[in-house]
>>> print(open('start_24.txt').read())   # compact mmCIF, C-alpha atoms
# COMPACT_ATOMS: atom_id res chain seq x y z
CA MET A 23 -33.97 -43.00 60.84
CA ASP A 24 -35.66 -39.68 60.09
CA ARG A 25 -35.28 -38.36 56.56
CA LEU A 26 -34.47 -34.89 55.27
CA THR A 27 -36.08 -33.93 51.95
CA ALA A 28 -34.89 -31.38 49.41
CA THR A 29 -36.88 -30.08 46.45
CA TYR A 30 -35.13 -28.99 43.26
CA LEU A 31 -36.02 -27.35 40.00
CA ILE A 32 -33.96 -29.22 37.40
CA GLU A 33 -33.40 -28.87 33.69
CA THR A 34 -31.75 -31.74 31.85
CA PRO A 35 -30.71 -32.57 28.28
CA GLY A 36 -31.65 -36.18 28.99
CA ASP A 37 -34.32 -38.09 30.87
CA ALA A 38 -35.58 -36.42 34.04
CA ASP A 39 -35.83 -39.68 35.99
CA ALA A 40 -32.25 -40.58 35.08
CA ALA A 41 -31.02 -37.12 36.07
CA ALA A 42 -32.80 -37.38 39.43
CA ALA A 43 -31.23 -40.79 40.03
CA ALA A 44 -27.79 -39.35 39.23
CA LEU A 45 -28.40 -36.55 41.72
CA ALA A 46 -29.36 -39.01 44.45
CA GLY A 47 -26.41 -41.29 43.75
CA GLU A 48 -23.78 -38.52 43.58
CA GLN A 49 -24.95 -37.02 46.87
CA SER A 50 -25.07 -40.23 48.91
CA SER A 51 -23.37 -43.62 48.56
CA GLY A 52 -22.73 -43.69 44.81
CA THR A 53 -20.11 -42.43 42.37
CA PHE A 54 -19.64 -42.60 38.59
CA VAL A 55 -18.91 -46.32 38.71
CA ALA A 56 -19.87 -49.21 40.99
CA VAL A 57 -17.34 -49.79 43.77
CA PRO A 58 -16.87 -53.00 45.81
CA GLY A 59 -17.97 -51.55 49.14
CA GLU A 60 -21.33 -50.31 47.88
CA THR A 61 -23.30 -53.35 48.92
CA ALA A 62 -27.06 -53.70 48.65
CA GLU A 63 -27.27 -53.45 52.43
CA LEU A 64 -25.25 -50.22 52.48
CA LYS A 65 -27.36 -48.70 49.71
CA GLN A 66 -30.55 -49.64 51.49
CA ARG A 67 -29.36 -47.82 54.58
CA PHE A 68 -27.52 -44.79 53.17
CA ALA A 69 -28.51 -44.16 49.55
CA ALA A 70 -30.56 -41.07 48.81
CA ARG A 71 -34.05 -41.79 47.54
CA VAL A 72 -35.87 -40.08 44.69
CA GLU A 73 -39.31 -39.41 46.12
CA GLU A 74 -40.95 -37.65 43.18
CA VAL A 75 -40.26 -36.39 39.67
CA GLN A 76 -42.88 -33.93 38.42
CA LEU A 77 -42.37 -33.03 34.76
CA LEU A 78 -42.73 -29.39 33.73
CA GLU A 79 -42.19 -27.79 30.32
CA ALA A 80 -39.38 -28.59 27.86
CA VAL A 81 -37.37 -25.77 26.25
CA ASP A 82 -35.29 -25.45 23.11
CA GLU A 83 -32.17 -23.91 24.65
CA PRO A 84 -30.24 -24.82 27.83
CA SER A 85 -30.42 -22.28 30.64
CA LEU A 86 -26.72 -22.54 31.48
CA PRO A 87 -23.92 -22.00 28.94
CA GLY A 88 -21.60 -24.93 28.32
CA SER A 89 -24.30 -27.51 29.00
CA ARG A 90 -24.24 -30.89 27.30
CA GLY A 91 -26.24 -31.11 24.08
CA SER A 92 -29.59 -32.89 23.94
CA ASP A 93 -30.20 -35.84 21.59
CA THR A 94 -33.80 -34.69 21.20
CA GLY A 95 -32.98 -31.01 20.85
CA ARG A 96 -35.09 -30.28 23.93
CA PHE A 97 -34.22 -29.64 27.57
CA GLN A 98 -36.69 -31.06 30.07
CA ARG A 99 -37.55 -29.20 33.27
CA ALA A 100 -38.96 -30.90 36.35
CA HIS A 101 -39.48 -30.55 40.06
CA VAL A 102 -37.62 -33.31 41.88
CA ARG A 103 -37.86 -34.35 45.52
CA VAL A 104 -34.98 -36.33 47.01
CA SER A 105 -34.62 -37.57 50.59
CA TRP A 106 -31.69 -38.68 52.74
CA SER A 107 -31.51 -40.53 56.01
CA VAL A 108 -30.37 -38.20 58.80
CA GLU A 109 -27.89 -40.95 59.59
CA ASN A 110 -25.86 -39.75 56.59
CA PHE A 111 -24.90 -36.42 58.18
CA GLY A 112 -26.40 -36.14 61.65
CA TYR A 113 -27.33 -32.67 62.91
CA ASN A 114 -24.43 -30.95 61.16
CA LEU A 115 -25.45 -27.91 59.09
CA PRO A 116 -22.25 -27.66 56.98
CA ALA A 117 -22.50 -31.39 56.16
CA ILE A 118 -26.15 -30.91 55.21
CA ILE A 119 -25.15 -28.13 52.79
CA SER A 120 -22.55 -30.45 51.26
CA THR A 121 -25.30 -33.03 50.82
CA VAL A 122 -28.17 -30.98 49.40
CA GLN A 123 -25.91 -28.83 47.23
CA GLY A 124 -22.28 -29.92 47.06
CA ASN A 125 -21.21 -31.12 43.60
CA LEU A 126 -24.70 -31.14 42.13
CA TYR A 127 -24.22 -27.96 40.13
CA GLU A 128 -21.28 -29.50 38.28
CA LEU A 129 -23.01 -32.66 37.07
CA PRO A 130 -23.37 -32.83 33.25
CA HIS A 131 -26.88 -34.25 33.70
CA PHE A 132 -28.15 -30.73 34.37
CA SER A 133 -28.45 -27.66 32.18
CA GLY A 134 -30.11 -25.99 35.16
CA LEU A 135 -30.43 -26.89 38.84
CA ARG A 136 -31.89 -24.90 41.71
CA LEU A 137 -32.53 -25.83 45.34
CA VAL A 138 -36.12 -24.77 45.96
CA ASP A 139 -36.84 -25.97 49.50
CA VAL A 140 -35.57 -28.14 52.34
CA ASP A 141 -37.86 -29.97 54.77
CA PHE A 142 -36.38 -31.02 58.08
CA PRO A 143 -37.80 -33.83 60.22
CA ALA A 144 -39.23 -33.00 63.63
CA SER A 145 -36.12 -34.34 65.39
CA PHE A 146 -34.21 -31.23 64.27
CA ALA A 147 -36.17 -29.19 66.83
CA GLU A 148 -34.44 -31.21 69.56
CA HIS A 149 -30.96 -30.31 68.23
CA PHE A 150 -31.35 -26.71 67.05
CA ALA A 151 -32.64 -23.94 69.29
CA GLY A 152 -33.27 -21.63 66.35
CA PRO A 153 -33.56 -17.84 66.89
CA ARG A 154 -33.27 -16.89 70.56
CA PHE A 155 -35.03 -13.55 70.01
CA GLY A 156 -36.79 -13.49 66.64
CA VAL A 157 -39.87 -11.26 66.30
CA ALA A 158 -41.02 -11.24 69.92
CA GLY A 159 -37.54 -10.84 71.40
CA THR A 160 -36.62 -8.00 69.07
CA ARG A 161 -39.85 -6.23 69.96
CA ARG A 162 -39.15 -6.74 73.66
CA LEU A 163 -35.60 -5.38 73.41
CA THR A 164 -36.74 -2.27 71.52
CA GLY A 165 -40.03 -1.72 73.32
CA VAL A 166 -41.92 -1.62 70.01
CA SER A 167 -45.23 -3.44 69.68
CA GLU A 168 -47.90 -3.59 66.94
CA ARG A 169 -46.20 -1.43 64.30
CA PRO A 170 -43.08 -2.20 62.25
CA LEU A 171 -39.72 -1.28 63.73
CA ILE A 172 -38.30 1.75 61.92
CA GLY A 173 -34.58 1.54 61.24
CA THR A 174 -31.80 3.24 59.34
CA ILE A 175 -28.29 2.53 58.08
CA ILE A 176 -25.12 4.46 58.85
CA LYS A 177 -24.09 6.28 55.66
CA PRO A 178 -21.57 6.96 54.17
CA SER A 179 -20.91 3.22 54.31
CA VAL A 180 -17.19 3.69 55.03
CA GLY A 181 -14.97 6.65 55.80
CA LEU A 182 -16.55 7.97 59.00
CA THR A 183 -14.43 8.06 62.14
CA PRO A 184 -15.85 6.64 65.38
CA ALA A 185 -16.66 10.20 66.48
CA ASP A 186 -18.38 10.93 63.15
CA THR A 187 -20.38 7.71 63.47
CA ALA A 188 -21.45 8.51 67.02
CA ALA A 189 -22.56 11.99 65.95
CA LEU A 190 -24.69 10.51 63.16
CA VAL A 191 -26.18 7.94 65.55
CA ARG A 192 -27.04 10.75 67.97
CA GLN A 193 -28.89 12.52 65.17
CA VAL A 194 -31.02 9.50 64.19
CA VAL A 195 -31.82 8.26 67.70
CA GLU A 196 -33.01 11.75 68.60
CA ALA A 197 -35.11 11.67 65.42
CA GLY A 198 -36.94 8.65 66.85
CA VAL A 199 -35.65 5.54 65.07
CA ASP A 200 -35.93 2.16 66.76
CA PHE A 201 -32.95 0.54 65.07
CA VAL A 202 -29.60 1.55 63.56
CA LYS A 203 -27.18 -0.71 61.75
CA ASP A 204 -23.70 -0.60 60.31
CA ASP A 205 -23.41 -0.85 56.57
CA GLU A 206 -22.17 -4.31 55.55
CA LEU A 207 -18.97 -2.70 54.20
CA MET A 208 -18.03 -1.39 57.65
CA ALA A 209 -16.35 -3.95 59.89
CA ASP A 210 -13.06 -3.22 61.72
CA PRO A 211 -11.06 -0.95 59.37
CA PRO A 212 -7.97 1.01 60.44
CA HIS A 213 -9.78 4.36 60.22
CA ALA A 214 -12.65 3.25 62.52
CA ARG A 215 -11.60 0.43 64.80
CA PHE A 216 -14.50 -1.68 66.01
CA ASP A 217 -13.85 -1.26 69.74
CA ASP A 218 -13.62 2.54 69.44
CA ARG A 219 -16.77 2.69 67.35
CA VAL A 220 -18.75 0.55 69.77
CA GLU A 221 -17.61 2.58 72.78
CA GLN A 222 -18.59 5.92 71.25
CA VAL A 223 -21.83 4.76 69.63
CA MET A 224 -23.11 2.93 72.69
CA ARG A 225 -22.32 5.93 74.88
CA VAL A 226 -24.77 7.90 72.73
CA VAL A 227 -27.38 5.13 72.72
CA ASN A 228 -27.16 4.47 76.45
CA ASP A 229 -27.31 8.20 77.26
CA HIS A 230 -30.44 8.48 75.10
CA ALA A 231 -31.99 5.52 76.94
CA ASP A 232 -31.19 7.06 80.31
CA ARG A 233 -32.85 10.34 79.30
CA THR A 234 -35.87 9.02 77.43
CA GLY A 235 -36.36 5.41 78.47
CA LYS A 236 -36.09 4.30 74.83
CA GLN A 237 -33.35 1.74 74.12
CA VAL A 238 -32.50 1.93 70.43
CA MET A 239 -31.14 -1.33 69.02
CA VAL A 240 -27.82 -0.96 67.20
CA ALA A 241 -26.61 -3.77 64.95
CA LEU A 242 -22.83 -3.46 64.99
CA ASN A 243 -21.07 -5.45 62.28
CA VAL A 244 -18.92 -8.17 63.86
CA THR A 245 -18.04 -9.90 60.55
CA ASP A 246 -14.44 -11.10 60.81
CA GLU A 247 -12.38 -14.22 61.47
CA LEU A 248 -14.03 -16.39 64.12
CA ASP A 249 -11.87 -15.40 67.09
CA ARG A 250 -12.19 -11.72 66.22
CA MET A 251 -15.97 -12.06 65.78
CA LEU A 252 -16.30 -13.53 69.25
CA ALA A 253 -14.17 -10.74 70.69
CA HIS A 254 -16.32 -8.14 68.90
CA TYR A 255 -19.44 -9.87 70.26
CA ASP A 256 -18.08 -9.59 73.81
CA THR A 257 -17.30 -5.90 73.25
CA ILE A 258 -20.93 -5.21 72.35
CA VAL A 259 -22.14 -7.07 75.44
CA ARG A 260 -19.69 -5.19 77.65
CA HIS A 261 -21.01 -1.83 76.43
CA GLY A 262 -24.66 -2.74 76.91
CA GLY A 263 -25.55 -3.45 73.30
CA THR A 264 -28.41 -5.72 72.30
CA CYS A 265 -27.57 -6.76 68.73
CA ALA A 266 -24.74 -7.92 66.48
CA MET A 267 -24.82 -7.83 62.70
CA VAL A 268 -23.09 -10.45 60.59
CA SER A 269 -22.70 -10.92 56.83
CA LEU A 270 -24.11 -14.42 56.48
CA ASN A 271 -22.53 -15.43 53.19
CA SER A 272 -19.12 -14.06 54.18
CA VAL A 273 -18.93 -15.99 57.45
CA GLY A 274 -20.84 -19.19 56.67
CA LEU A 275 -23.19 -21.37 58.66
CA ALA A 276 -20.67 -22.64 61.22
CA GLY A 277 -19.41 -19.16 62.11
CA VAL A 278 -22.87 -17.65 62.30
CA LYS A 279 -24.19 -20.52 64.41
CA ARG A 280 -21.32 -20.01 66.85
CA LEU A 281 -22.38 -16.38 67.31
CA CYS A 282 -26.03 -17.30 67.70
CA ASP A 283 -25.23 -20.00 70.24
CA ALA A 284 -23.73 -17.37 72.57
CA GLY A 285 -27.33 -16.29 73.14
CA GLN A 286 -26.81 -12.82 74.65
CA LEU A 287 -27.41 -10.66 71.58
CA ALA A 288 -29.99 -10.63 68.82
CA ILE A 289 -28.29 -11.55 65.54
CA HIS A 290 -29.02 -9.40 62.50
CA GLY A 291 -28.33 -11.45 59.38
CA HIS A 292 -27.30 -9.44 56.31
CA ARG A 293 -27.51 -11.43 53.10
CA ASN A 294 -25.08 -9.39 50.94
CA GLY A 295 -23.91 -11.61 48.10
CA TRP A 296 -27.37 -13.21 47.89
CA GLY A 297 -27.80 -12.19 44.26
CA MET A 298 -24.90 -14.44 43.29
CA LEU A 299 -26.76 -17.40 44.78
CA THR A 300 -30.22 -16.72 43.37
CA ARG A 301 -30.38 -14.24 40.52
CA HIS A 302 -30.28 -16.81 37.72
CA PRO A 303 -33.68 -18.58 37.79
CA ALA A 304 -32.16 -21.95 36.87
CA LEU A 305 -29.22 -21.89 39.29
CA GLY A 306 -28.51 -21.51 43.00
CA MET A 307 -31.34 -21.59 45.52
CA ASP A 308 -34.66 -20.01 46.44
CA PHE A 309 -34.94 -17.81 49.50
CA THR A 310 -37.38 -20.33 51.01
CA ALA A 311 -34.56 -22.83 51.42
CA TYR A 312 -31.96 -20.19 52.28
CA GLN A 313 -33.80 -18.64 55.22
CA LYS A 314 -34.59 -22.04 56.74
CA LEU A 315 -30.88 -22.84 57.02
CA TRP A 316 -30.14 -19.54 58.74
CA ARG A 317 -33.12 -19.95 61.06
CA LEU A 318 -31.76 -23.30 62.16
CA ALA A 319 -28.41 -21.61 62.81
CA GLY A 320 -30.24 -19.13 65.06
CA VAL A 321 -30.41 -15.86 63.11
CA ASP A 322 -33.06 -13.52 64.56
CA GLN A 323 -33.44 -11.01 61.73
CA ILE A 324 -32.82 -11.52 58.01
CA HIS A 325 -32.93 -9.24 54.98
CA VAL A 326 -35.66 -9.77 52.37
CA ASN A 327 -35.20 -6.68 50.12
CA GLY A 328 -38.28 -4.46 49.62
CA ILE A 329 -41.17 -3.47 47.39
CA ALA A 330 -40.09 -1.23 44.48
CA ASN A 331 -36.46 -1.73 45.56
CA LYS A 332 -33.32 -0.35 43.93
CA PHE A 333 -32.04 -3.83 42.99
CA TRP A 334 -33.14 -6.44 40.43
CA GLU A 335 -35.63 -8.36 42.56
CA THR A 336 -39.32 -8.29 41.67
CA ASP A 337 -42.06 -7.43 44.12
CA ASP A 338 -43.49 -10.96 43.81
CA SER A 339 -40.17 -12.41 44.93
CA VAL A 340 -39.94 -10.03 47.90
CA VAL A 341 -43.47 -10.91 49.01
CA ARG A 342 -42.68 -14.62 48.83
CA SER A 343 -39.56 -14.03 50.94
CA ILE A 344 -41.58 -12.27 53.64
CA GLU A 345 -44.14 -15.08 53.59
CA ALA A 346 -41.34 -17.65 53.90
CA CYS A 347 -39.99 -15.92 57.01
CA ARG A 348 -43.46 -15.81 58.56
CA THR A 349 -44.10 -19.53 58.00
CA PRO A 350 -43.31 -21.46 61.22
CA LEU A 351 -40.30 -23.76 61.05
CA LEU A 352 -40.48 -26.94 63.12
CA GLY A 353 -43.38 -25.49 65.06
CA GLY A 354 -41.85 -22.06 65.67
CA MET A 355 -38.37 -20.57 65.17
CA GLN A 356 -39.57 -17.06 64.32
CA VAL A 357 -37.32 -14.80 62.27
CA LEU A 358 -37.96 -11.08 61.72
CA PRO A 359 -38.00 -10.02 58.03
CA VAL A 360 -35.84 -6.95 57.36
CA VAL A 361 -37.25 -4.82 54.54
CA SER A 362 -34.64 -2.59 52.91
CA SER A 363 -33.23 -1.19 49.64
CA GLY A 364 -34.47 2.19 48.46
CA GLN A 365 -37.33 2.30 50.94
CA TRP A 366 -39.26 5.35 52.13
CA GLY A 367 -42.83 5.78 53.32
CA GLY A 368 -44.21 5.49 49.81
CA GLN A 369 -43.82 1.70 49.69
CA ALA A 370 -45.61 1.08 53.00
CA PRO A 371 -49.20 0.86 51.62
CA GLU A 372 -48.24 -1.68 48.96
CA THR A 373 -46.06 -3.66 51.36
CA TYR A 374 -48.89 -3.94 53.88
CA ARG A 375 -51.52 -4.66 51.23
CA ARG A 376 -49.53 -7.58 49.88
CA THR A 377 -48.20 -9.04 53.14
CA GLN A 378 -50.85 -8.07 55.74
CA THR A 379 -48.24 -7.88 58.47
CA THR A 380 -46.46 -5.28 60.57
CA ASP A 381 -43.99 -7.83 61.96
CA LEU A 382 -41.20 -6.20 59.99
CA LEU A 383 -38.02 -4.23 60.52
CA TYR A 384 -38.45 -1.47 57.93
CA MET A 385 -35.07 0.03 56.99
CA ALA A 386 -34.65 3.38 55.25
CA GLY A 387 -31.32 5.10 54.72
CA GLY A 388 -31.87 7.96 52.29
CA GLY A 389 -35.59 7.71 53.00
CA ILE A 390 -34.86 9.08 56.48
CA MET A 391 -31.64 11.05 56.09
CA ALA A 392 -32.62 12.83 52.85
CA HIS A 393 -36.14 13.87 53.93
CA PRO A 394 -36.70 17.59 53.23
CA ASP A 395 -37.27 18.20 56.93
CA GLY A 396 -34.30 16.14 58.06
CA PRO A 397 -34.18 12.78 59.84
CA ALA A 398 -37.02 13.67 62.22
CA GLY A 399 -39.25 14.34 59.22
CA GLY A 400 -38.15 11.08 57.62
CA VAL A 401 -39.00 9.05 60.72
CA ALA A 402 -42.34 10.84 61.12
CA ALA A 403 -43.18 10.10 57.48
CA LEU A 404 -42.48 6.39 58.00
CA HIS A 405 -44.57 6.21 61.15
CA ASP A 406 -47.47 7.95 59.42
CA ALA A 407 -47.12 5.81 56.30
CA TRP A 408 -47.34 2.55 58.23
CA ARG A 409 -50.15 3.70 60.52
CA LEU A 410 -52.24 4.80 57.57
CA ALA A 411 -51.31 1.77 55.48
CA ALA A 412 -52.57 -0.51 58.25
CA GLU A 413 -55.84 1.45 58.15
CA GLY A 414 -56.15 0.55 54.47
CA LEU A 415 -55.33 3.94 52.97
CA THR A 416 -53.66 4.30 49.60
CA LEU A 417 -50.54 6.40 49.30
CA GLU A 418 -52.55 9.22 47.72
CA ALA A 419 -55.00 9.26 50.64
CA ALA A 420 -52.21 8.90 53.22
CA CYS A 421 -50.35 11.89 51.77
CA GLN A 422 -53.50 13.99 52.26
CA GLN A 423 -53.46 13.13 55.96
CA SER A 424 -49.72 13.39 56.64
CA THR A 425 -47.58 16.42 55.89
CA PRO A 426 -44.28 14.55 56.51
CA LEU A 427 -45.35 11.81 54.09
CA ARG A 428 -46.50 14.31 51.47
CA ARG A 429 -43.14 16.09 51.77
CA ALA A 430 -41.38 12.78 51.33
CA ALA A 431 -43.43 12.04 48.20
CA GLU A 432 -42.45 15.42 46.77
CA LYS A 433 -38.78 14.63 47.44
CA PHE A 434 -38.62 11.00 46.33
CA GLY A 435 -40.78 11.16 43.23
CA GLY A 436 -44.22 10.42 44.61
CA LEU A 437 -46.45 7.85 43.02
CA LYS A 438 -44.82 7.56 39.61
CA ASN A 439 -42.02 5.33 40.96
CA LEU A 440 -44.33 3.01 42.89
CA PRO A 441 -46.46 0.04 41.84
CA GLN A 442 -50.07 0.95 41.09
CA SER A 443 -53.07 -1.19 42.06
CA GLY A 444 -50.77 -3.85 43.48
CA SER A 445 -49.66 -5.47 40.23
CA ALA A 446 -46.06 -6.67 40.26
CA PRO A 447 -43.86 -7.96 37.43
CA ALA A 448 -44.28 -11.63 36.63
CA GLU A 449 -41.51 -13.95 37.73
CA VAL A 450 -39.29 -15.78 35.26
CA ALA A 451 -41.23 -18.89 34.34
CA ALA A 452 -38.49 -21.25 35.45
CA ARG A 453 -38.40 -19.91 38.99
>>> encode(input="start_24.txt", output="structure tokens")
Amino acid sequence: MDRLTATYLIETPGDADAAAAALAGEQSSGTFVAVPGETAELKQRFAARVEEVQLLEAVDEPSLPGSRGSDTGRFQRAHVRVSWSVENFGYNLPAIISTVQGNLYELPHFSGLRLVDVDFPASFAEHFAGPRFGVAGTRRLTGVSERPLIGTIIKPSVGLTPADTAALVRQVVEAGVDFVKDDELMADPPHARFDDRVEQVMRVVNDHADRTGKQVMVALNVTDELDRMLAHYDTIVRHGGTCAMVSLNSVGLAGVKRLCDAGQLAIHGHRNGWGMLTRHPALGMDFTAYQKLWRLAGVDQIHVNGIANKFWETDDSVVRSIEACRTPLLGGMQVLPVVSSGQWGGQAPETYRRTQTTDLLYMAGGGIMAHPDGPAGGVAALHDAWRLAAEGLTLEAACQQSTPLRRAAEKFGGLKNLPQSGSAPAEVAAR
């Protein structure tokens, strides 16, 4: 049978080879003691296999509190590759998660454990369609080619009525955005029922398309219980929408895959809660592994944070996330990186310099809405920033050529809040 391989960063108070063997045993046919049914034949067929243990540095203190003490006073780090026969779980994403993560984080053999990557055999391409729309499909639905898609977020996050929301959407679509999304906190609350919001928002969007020929994509947040999500999905389709947004970590792989399998709407994957899974460098998982799982489920667009963002994530980490999304999975399965978090035109030159791509959905909330000349000025500043960034101009030079961008720099703090000469903070060594 084909084999699936996972790569981990481990830290152990004991021997790295022994810890890797414990990982493989716990997550396949073994347990803490030999049992009668675990025959040599069964182990040969179903036991996980340690493929490689690559020793790294040893440290004096455990990364995770409450870890078992070390007899040597040192805690060994290593990269470990473990493989499983696909026969163990079939083509079942929730079962795969239980296998490559599951109880691993609770084993006393580890004072740190992080899923770094997952490699799927070619047979997975026969069982998972992946994103139905991805980069090319999103561009086709919005009519945007070459440049990044420019998007914004409905703010305030909660509290607006459906009529208030529609009025705000009218303002930003007339300003020239390509994409509008619900905030992740807005779902189907009593003060702004989903069906009412969709009806009023899509009336604005469809009227704008009829008048101008430009169909703005709106990612309406369907996150809910499964039956309600499917009903919300159908409501968007009925009103001529092209996209549904879902909070990936809230709904889970099975629920998200069910939405993606419907195949009529592009699925915008919001990763809120991601910090809980990744922020500690010796725990959780890397984005490389994370985005592969959601690509298999069929997500078309996924958040990657942004350069000089308002959160904790370093620029190096954001760049790696964009690169991970752009790396083909099983020969294709494109997913569109969504750049967000405190973005305005000022980050465009550095983002382009470091990624060399315009296959992005570039989201700006305050960067558009709080522009001194209003939303139209904010959108114009973003268009100019990306056009000039792709020509190789620095932010200083771009501001000399674009009045909207210069006005934005005056408003948002200009160059002092942005990385200079492309240097980004170093990552934590363990990551």
>>> residues_around(input="start_24.txt", residues="region 170-182 of chain A", least_positions_apart="6", cutoff="9 Å", atoms="all atoms listed in the file", output="PyMOL selection string")
chain A and resi 161+164+190-191+194+198-208+211+213-214+239+379-391+401+404-405+408
>>> closest_residue(input="start_24.txt", among="A:Gly152, A:Gly165, A:Pro371, A:Pro116", to="Gly277 (chain A)", atoms="only C-alpha atoms")
A:Pro116
>>> residues_around(input="start_24.txt", residues="Trp296 (chain A)", least_positions_apart="2", cutoff="12 Å", atoms="all atoms listed in the file", output="list in words")
Ser269, Leu270, Asn271, Ser272, Gly291, His292, Arg293, Asn294, Met298, Leu299, Thr300, Arg301, His302, Gly306, Met307, Asp308, Phe309, Tyr312, Gln313, Ile324, His325, Val326, Asn327, Phe333, Trp334 and Glu335 of chain A
>>> write_last_selection(input="start_24.txt", atoms="C-alpha atoms", output="PDB file, in the frame of the given file")
ATOM      1  CA  SER A 269     -22.700 -10.920  56.830  1.00  0.00           C
ATOM      2  CA  LEU A 270     -24.110 -14.420  56.480  1.00  0.00           C
ATOM      3  CA  ASN A 271     -22.530 -15.430  53.190  1.00  0.00           C
ATOM      4  CA  SER A 272     -19.120 -14.060  54.180  1.00  0.00           C
ATOM      5  CA  GLY A 291     -28.330 -11.450  59.380  1.00  0.00           C
ATOM      6  CA  HIS A 292     -27.300  -9.440  56.310  1.00  0.00           C
ATOM      7  CA  ARG A 293     -27.510 -11.430  53.100  1.00  0.00           C
ATOM      8  CA  ASN A 294     -25.080  -9.390  50.940  1.00  0.00           C
ATOM      9  CA  MET A 298     -24.900 -14.440  43.290  1.00  0.00           C
ATOM     10  CA  LEU A 299     -26.760 -17.400  44.780  1.00  0.00           C
ATOM     11  CA  THR A 300     -30.220 -16.720  43.370  1.00  0.00           C
ATOM     12  CA  ARG A 301     -30.380 -14.240  40.520  1.00  0.00           C
ATOM     13  CA  HIS A 302     -30.280 -16.810  37.720  1.00  0.00           C
ATOM     14  CA  GLY A 306     -28.510 -21.510  43.000  1.00  0.00           C
ATOM     15  CA  MET A 307     -31.340 -21.590  45.520  1.00  0.00           C
ATOM     16  CA  ASP A 308     -34.660 -20.010  46.440  1.00  0.00           C
ATOM     17  CA  PHE A 309     -34.940 -17.810  49.500  1.00  0.00           C
ATOM     18  CA  TYR A 312     -31.960 -20.190  52.280  1.00  0.00           C
ATOM     19  CA  GLN A 313     -33.800 -18.640  55.220  1.00  0.00           C
ATOM     20  CA  ILE A 324     -32.820 -11.520  58.010  1.00  0.00           C
ATOM     21  CA  HIS A 325     -32.930  -9.240  54.980  1.00  0.00           C
ATOM     22  CA  VAL A 326     -35.660  -9.770  52.370  1.00  0.00           C
ATOM     23  CA  ASN A 327     -35.200  -6.680  50.120  1.00  0.00           C
ATOM     24  CA  PHE A 333     -32.040  -3.830  42.990  1.00  0.00           C
ATOM     25  CA  TRP A 334     -33.140  -6.440  40.430  1.00  0.00           C
ATOM     26  CA  GLU A 335     -35.630  -8.360  42.560  1.00  0.00           C
TER      27      GLU A 335
END
>>> residues_around(input="start_24.txt", residues="Arg348 (chain A)", least_positions_apart="4", cutoff="9 Å", atoms="only C-alpha atoms", output="list in words")
Ser343, Ile344, Gln356, Val357, Leu358, Pro359 and Asp381 of chain A
>>> closest_residue(input="start_24.txt", among="A:Gly134, A:Gly88, A:Gly263, A:Gly367", to="Leu287 (chain A)", atoms="all atoms listed in the file")
A:Gly263
>>> atom_distance(input="start_24.txt", atom1="CA of Glu148 (chain A)", atom2="CA of Gly112 (chain A)")
12.3 Å
>>> atom_distance(input="start_24.txt", atom1="CA of Ala346 (chain A)", atom2="CA of Gly295 (chain A)")
19.3 Å
>>> atom_distance(input="start_24.txt", atom1="CA of Gln193 (chain A)", atom2="CA of Ala231 (chain A)")
14.0 Å
>>> residues_around(input="start_24.txt", residues="Leu351 (chain A)", least_positions_apart="4", cutoff="9 Å", atoms="only C-alpha atoms", output="PyMOL selection string")
chain A and resi 142+147+314+317-318+347+355-356
>>> closest_residue(input="start_24.txt", among="A:Gly47, A:Thr257, A:Pro303, A:Arg169", to="Ala370 (chain A)", atoms="only C-alpha atoms")
A:Arg169
>>> closest_residue(input="start_24.txt", among="A:Arg375, A:Arg409, A:Lys279, A:Arg25", to="Ala70 (chain A)", atoms="only C-alpha atoms")
A:Arg25
>>> decode(input="start_24.txt", residues="region 34-46 of chain A", atoms="C-alpha atoms", output="compact mmCIF listing (two decimals), in the first residue's frame")
# COMPACT_ATOMS: atom_id res chain seq x y z
CA THR A 34 12.73 14.74 24.35
CA PRO A 35 14.24 14.25 27.81
CA GLY A 36 15.41 10.83 26.68
CA ASP A 37 16.81 9.21 23.56
CA ALA A 38 15.50 10.61 20.28
CA ASP A 39 15.33 7.20 18.58
CA ALA A 40 13.33 5.78 21.48
CA ALA A 41 10.97 8.76 21.44
CA ALA A 42 10.42 8.35 17.70
CA ALA A 43 9.67 4.66 18.17
CA ALA A 44 7.15 5.52 20.91
CA LEU A 45 5.47 7.99 18.56
CA ALA A 46 5.19 5.39 15.81
